[in-house]
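Okay, structure first, notes after.
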Amino acid sequence: MSREAEELNRHLLRARDAMDRAYAEPLDVRAVAAVAHISEAHFIRTFRSVFGETPHRYLQRRRVERSMFLLRETDRSITDICFDVGFMSLGTFSRTFHEIIGETPTSYREGHGPMVAPNCIQMWAMRPRVAVGSAAAASSETESSSFGEARVPAAPLG
Amino acid sequence: MLTRLNVASIYVLDKDEALDFYVNKLGLEVGSDFTQGEYRWLTVRVPGKPDVEISLEQPGPPLHDEATAEQLRELIAKGALSGLVFHTDDIRALYETLQERGVTDFTQEPIDHFYGTDMGLRDPFGNAIRVLERKTAAAATA
């Protein structure tokens with residue numbers, strides 16, 4: 001039983017890594033589940049029980065973290081940043097950002113400058129915590145068959 | 001006064017498999033490999049740098065009861081434990097070498113930053129490894 005749990009965790013981690021790598025691309029949950037070699041429904045359920053949030057929410061936090069980085073470190077427009085990190089619409093980006101961070105991208109940018117830490121440290125240390133903003137969001141996501149933003153089927157992920 | 005770091009430990013799921021990965025794939029060398037009774041003291045290190053060794057530890061008795069070991073193994077496999085950071089003098093060559101040796105679990109291909117170029121991968125068990133080629137002073141001011 002334990003051996004199975006280890007193998008499942010390792011597969012799920014590989015799928016989570018794939019999201020971390022390809023966050024800027026249109027991703028669909030089926031392609032990510034395929035990385036873990038499990039069905040879409042099983043993937044969403046087990047991912048949530050192992051990592052404490054849905055794959056969709058994980059990907060959103062990844063994208064929001066990368067947008068926070070670009071807001072702090074660059075002068076790029078908020079619209080450009082929104083598309084750079086994989087959101088397909090400014091509306092979804094702004095809503096998701098506010099939901100997770102509790103403020104708008106503009107006010108976040110005004111309040112935060114560049115950070116002195118290697119990028120890999122920033123990537124994990126600055127990732128917004130689970131459900132800091134509105135905690136709702138979850139129930140419908142478990143049945144969601146896509147990652148919301150994705151409109152184009154993603155290429156197979158490594 | 002402390003003078004240097006000597007040994008740091010990471011948890012692996014299997015010492016033989018860890019040895020194969022860390023030595024034959026990642027390119028470290030064996031530091032110590034002694035077996036006393038049921039315990040195997042196994043360390044690896046950067047070739048030619050004997051000062052700092054990485055001890056590869058497997059969860060289980062006598063250090064852990066079976067339930068604790070099981071929890072640790074599940075945490076390793078979901079990437080929840082700590083990892084390692086190395087320096088290299090040529091990260092893109094290393095990236096190619098690792099691929100040639102069959103490493104596929106990259107978490108990040110080499111990316112340039114103002115302080116250097118880094119990449120990420122995982123060992124076979126889920127531990128994170130990062131590698132950095134630091135920008136030299138000359139290149140940084142160029």
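By convention here, the chains of the structure tokens are called A, B, ... in the order presented, each chain's residues are numbered starting at 1, and ligands are numbered starting at 1 in the order presented.
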Checklist line | Polymer residues at most 12 Å from Asn6 of chain B, only C-alpha atoms, same-chain spacing of 2 or more positions, as a list in words | finding: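 Close residues of Asn6 of chain B: Leu2, Thr3, Arg4, Ala8, Ser9, Gly31, Thr43, Val44, Arg45, Lys49, Pro50, Asp51, Val52, Glu53, Ile54 and Ser55 of chain B.
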Suppose we keep C-alpha atoms; can you now write the selection as a PDB file, in the first residue's frame?
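Saved to out_5.pdb:
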```
ATOM      1  CA  LEU B   2      32.839  26.302  13.658  1.00  0.00           C
ATOM      2  CA  THR B   3      35.229  26.002  10.745  1.00  0.00           C
ATOM      3  CA  ARG B   4      33.241  24.399   7.947  1.00  0.00           C
ATOM      4  CA  ALA B   8      24.648  17.309   5.061  1.00  0.00           C
ATOM      5  CA  SER B   9      22.033  14.575   4.722  1.00  0.00           C
ATOM      6  CA  GLY B  31      32.861   9.612  -0.404  1.00  0.00           C
ATOM      7  CA  THR B  43      28.133   9.620   1.161  1.00  0.00           C
ATOM      8  CA  VAL B  44      28.767  11.348  -2.158  1.00  0.00           C
ATOM      9  CA  ARG B  45      30.602  14.566  -2.914  1.00  0.00           C
ATOM     10  CA  LYS B  49      36.143  18.458  -3.096  1.00  0.00           C
ATOM     11  CA  PRO B  50      36.352  16.185  -0.057  1.00  0.00           C
ATOM     12  CA  ASP B  51      35.369  18.905   2.417  1.00  0.00           C
ATOM     13  CA  VAL B  52      31.622  18.587   2.064  1.00  0.00           C
ATOM     14  CA  GLU B  53      29.866  15.248   1.836  1.00  0.00           C
ATOM     15  CA  ILE B  54      26.241  14.489   1.203  1.00  0.00           C
ATOM     16  CA  SER B  55      24.985  11.590   3.244  1.00  0.00           C
TER      17      SER B  55
END
```
Next item on the list: Within 9 Å of chain B, which residues of chain A are there when counting only C-alpha atoms? Please give them as a PyMOL selection string.
Entry: chain A and resi 2-3+5-14+17-18+20-21+50-51+118-120+158
Selection file, N, CA and C atoms, as a tab-separated table (two decimals), in the first residue's frame:
```tsv
chain	number	residue	atom	x	y	z
A	2	SER	N	1.87	1.26	0.87
A	2	SER	CA	2.75	2.42	0.97
A	2	SER	C	3.52	2.64	-0.33
A	3	ARG	N	3.99	1.54	-0.90
A	3	ARG	CA	4.73	1.62	-2.16
A	3	ARG	C	3.87	2.28	-3.24
A	5	ALA	N	1.43	4.39	-2.71
A	5	ALA	CA	1.29	5.81	-2.38
A	5	ALA	C	2.53	6.58	-2.83
A	6	GLU	N	3.71	5.99	-2.61
A	6	GLU	CA	4.95	6.64	-3.05
A	6	GLU	C	4.96	6.85	-4.55
A	7	GLU	N	4.58	5.78	-5.27
A	7	GLU	CA	4.61	5.90	-6.73
A	7	GLU	C	3.59	6.90	-7.24
A	8	LEU	N	2.42	6.90	-6.62
A	8	LEU	CA	1.40	7.88	-7.02
A	8	LEU	C	1.92	9.29	-6.75
A	9	ASN	N	2.49	9.51	-5.57
A	9	ASN	CA	3.02	10.84	-5.24
A	9	ASN	C	4.08	11.28	-6.24
A	10	ARG	N	4.95	10.33	-6.60
A	10	ARG	CA	6.03	10.67	-7.54
A	10	ARG	C	5.45	11.06	-8.90
A	11	HIS	N	4.42	10.32	-9.35
A	11	HIS	CA	3.77	10.66	-10.62
A	11	HIS	C	3.08	12.02	-10.55
A	12	LEU	N	2.42	12.27	-9.42
A	12	LEU	CA	1.73	13.55	-9.27
A	12	LEU	C	2.74	14.71	-9.23
A	13	LEU	N	3.88	14.46	-8.59
A	13	LEU	CA	4.93	15.50	-8.53
A	13	LEU	C	5.44	15.81	-9.93
A	14	ARG	N	5.58	14.75	-10.75
A	14	ARG	CA	6.04	14.95	-12.12
A	14	ARG	C	5.04	15.82	-12.90
A	17	ASP	N	5.40	19.35	-11.60
A	17	ASP	CA	6.59	19.96	-12.21
A	17	ASP	C	6.30	20.41	-13.64
A	18	ALA	N	5.52	19.60	-14.36
A	18	ALA	CA	5.18	19.96	-15.74
A	18	ALA	C	4.39	21.27	-15.77
A	20	ASP	N	4.65	23.64	-13.49
A	20	ASP	CA	5.61	24.69	-13.13
A	20	ASP	C	6.45	25.10	-14.34
A	21	ARG	N	6.79	24.11	-15.18
A	21	ARG	CA	7.62	24.39	-16.35
A	21	ARG	C	6.83	25.10	-17.44
A	50	VAL	N	-3.23	14.96	-2.17
A	50	VAL	CA	-1.79	14.94	-1.89
A	50	VAL	C	-1.22	16.34	-1.68
A	51	PHE	N	-1.65	17.32	-2.48
A	51	PHE	CA	-1.05	18.65	-2.41
A	51	PHE	C	-1.97	19.70	-1.78
A	118	PRO	N	17.91	34.82	-5.23
A	118	PRO	CA	17.96	34.10	-6.51
A	118	PRO	C	16.56	33.74	-6.98
A	119	ASN	N	16.42	33.66	-8.30
A	119	ASN	CA	15.11	33.42	-8.88
A	119	ASN	C	14.45	32.16	-8.35
A	120	CYS	N	15.26	31.10	-8.14
A	120	CYS	CA	14.63	29.84	-7.69
A	120	CYS	C	14.06	29.99	-6.29
A	158	GLY	N	6.43	16.94	-21.44
A	158	GLY	CA	7.50	16.00	-21.08
A	158	GLY	C	7.22	15.39	-19.76
```
Notebook entry, point to check: atom CA of Arg72 of chain A and atom CA of Pro114 of chain A, how far apart in Å?
Noted result: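 Separation between atom CA of Pro114 of chain A and atom CA of Arg72 of chain A: 5.1 Å.
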Next item on the list: Please measure the separation of atom CA of Phe83 of chain A and atom CA of Arg30 of chain A, giving the value in Å to one decimal.
Entry: 21.6 Å
Item checked: Point-to-point distance in Å for atom CA of Arg134 of chain B and atom CA of Ile10 of chain B -> 24.2 Å
Next item on the list: Excluding Phe87 of chain A and any residue of its chain fewer than 4 positions from it, enumerate the residues within 12 Å of it, using only C-alpha atoms, and give them as number ranges by chain.
Entry: A: 23-27, 59-64, 66-67, 78-83, 91-97, 147-151
How would the residues just chosen look if you wrote them out with N, CA and C atoms as a compact mmCIF listing (two decimals), in the first residue's frame?
```
# COMPACT_ATOMS: atom_id res chain seq x y z
N TYR A 23 3.84 26.69 -17.38
CA TYR A 23 2.74 27.55 -16.90
C TYR A 23 2.33 28.61 -17.93
N ALA A 24 3.30 29.04 -18.76
CA ALA A 24 3.02 30.14 -19.68
C ALA A 24 2.26 29.67 -20.92
N GLU A 25 2.19 28.35 -21.10
CA GLU A 25 1.51 27.82 -22.27
C GLU A 25 0.06 27.50 -21.94
N PRO A 26 -0.76 27.40 -22.99
CA PRO A 26 -2.14 26.96 -22.71
C PRO A 26 -2.08 25.51 -22.26
N LEU A 27 -2.55 25.23 -21.07
CA LEU A 27 -2.47 23.87 -20.56
C LEU A 27 -3.88 23.33 -20.41
N LEU A 59 -1.94 25.74 -10.55
CA LEU A 59 -1.47 26.44 -11.75
C LEU A 59 -1.74 27.94 -11.64
N GLN A 60 -2.91 28.29 -11.10
CA GLN A 60 -3.21 29.72 -10.94
C GLN A 60 -2.20 30.39 -10.01
N ARG A 61 -1.85 29.73 -8.91
CA ARG A 61 -0.89 30.33 -7.99
C ARG A 61 0.48 30.46 -8.64
N ARG A 62 0.84 29.45 -9.46
CA ARG A 62 2.10 29.53 -10.19
C ARG A 62 2.10 30.74 -11.11
N ARG A 63 1.02 30.89 -11.87
CA ARG A 63 0.94 32.00 -12.83
C ARG A 63 0.92 33.35 -12.10
N VAL A 64 0.19 33.40 -11.00
CA VAL A 64 0.13 34.66 -10.25
C VAL A 64 1.50 34.99 -9.65
N ARG A 66 4.41 34.19 -10.89
CA ARG A 66 5.27 34.69 -11.97
C ARG A 66 4.85 36.11 -12.37
N SER A 67 3.57 36.39 -12.33
CA SER A 67 3.13 37.75 -12.66
C SER A 67 3.61 38.73 -11.59
N ILE A 78 0.62 45.59 -17.66
CA ILE A 78 -0.12 44.53 -16.98
C ILE A 78 -0.76 43.59 -18.00
N THR A 79 -1.19 44.13 -19.12
CA THR A 79 -1.76 43.27 -20.16
C THR A 79 -0.70 42.30 -20.70
N ASP A 80 0.50 42.82 -20.96
CA ASP A 80 1.57 41.93 -21.46
C ASP A 80 1.89 40.85 -20.43
N ILE A 81 1.97 41.25 -19.18
CA ILE A 81 2.31 40.29 -18.12
C ILE A 81 1.24 39.21 -18.01
N CYS A 82 0.00 39.63 -18.10
CA CYS A 82 -1.12 38.69 -18.06
C CYS A 82 -0.95 37.58 -19.09
N PHE A 83 -0.63 37.96 -20.34
CA PHE A 83 -0.45 36.95 -21.38
C PHE A 83 0.86 36.20 -21.22
N GLY A 91 -9.39 40.04 -17.87
CA GLY A 91 -10.43 39.93 -16.84
C GLY A 91 -10.16 38.77 -15.88
N THR A 92 -9.86 37.60 -16.46
CA THR A 92 -9.58 36.43 -15.62
C THR A 92 -8.34 36.67 -14.78
N PHE A 93 -7.32 37.27 -15.40
CA PHE A 93 -6.08 37.53 -14.67
C PHE A 93 -6.34 38.44 -13.47
N SER A 94 -7.01 39.56 -13.71
CA SER A 94 -7.23 40.53 -12.64
C SER A 94 -8.09 39.92 -11.53
N ARG A 95 -9.11 39.19 -11.92
CA ARG A 95 -9.99 38.58 -10.93
C ARG A 95 -9.22 37.54 -10.10
N THR A 96 -8.46 36.68 -10.79
CA THR A 96 -7.72 35.62 -10.09
C THR A 96 -6.66 36.23 -9.19
N PHE A 97 -5.96 37.24 -9.69
CA PHE A 97 -4.91 37.90 -8.92
C PHE A 97 -5.51 38.47 -7.63
N PHE A 147 -8.45 23.96 -17.45
CA PHE A 147 -7.85 24.90 -16.52
C PHE A 147 -8.41 26.30 -16.73
N GLY A 148 -9.58 26.38 -17.35
CA GLY A 148 -10.24 27.67 -17.48
C GLY A 148 -9.65 28.53 -18.56
N GLU A 149 -8.37 28.87 -18.42
CA GLU A 149 -7.77 29.79 -19.38
C GLU A 149 -7.48 29.11 -20.71
N ALA A 150 -7.27 27.81 -20.68
CA ALA A 150 -6.82 27.12 -21.89
C ALA A 150 -7.90 27.10 -22.96
N ARG A 151 -7.56 27.54 -24.14
CA ARG A 151 -8.49 27.48 -25.26
C ARG A 151 -7.94 26.57 -26.33
```
Margin query: For a quick check of understanding, using only C-alpha atoms, which of B:Pro59, B:Gly102, B:Pro47, B:Gly37 has the smallest distance to Thr88 of chain B?
Written below: B:Pro47
Margin query: Based on the backbone DSSP call, show me all residues of segment 20-102 of chain B assigned strand (DSSP E), as a count of residues only.
Written below: 24
Determine which residues of segment 20-56 of chain B receive a DSSP assignment of helix (DSSP H, G or I), computed from the backbone, and state them as a CSV table (one decimal) with N, CA and C atoms, in the first residue's frame.
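Here's the written file part03.csv:
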```csv
chain,number,residue,atom,x,y,z
B,20,ASP,N,23.6,5.2,-7.9
B,20,ASP,CA,23.7,5.2,-9.4
B,20,ASP,C,23.3,6.6,-9.9
B,21,PHE,N,22.3,7.2,-9.4
B,21,PHE,CA,21.9,8.5,-9.9
B,21,PHE,C,23.0,9.6,-9.6
B,22,TYR,N,23.4,9.7,-8.3
B,22,TYR,CA,24.2,10.8,-7.9
B,22,TYR,C,25.6,10.6,-8.5
B,23,VAL,N,26.1,9.4,-8.7
B,23,VAL,CA,27.4,9.2,-9.2
B,23,VAL,C,27.4,9.0,-10.7
B,24,ASN,N,26.7,8.1,-11.2
B,24,ASN,CA,26.8,7.8,-12.7
B,24,ASN,C,26.0,8.8,-13.5
B,25,LYS,N,25.0,9.4,-13.0
B,25,LYS,CA,24.3,10.4,-13.8
B,25,LYS,C,24.7,11.8,-13.5
```
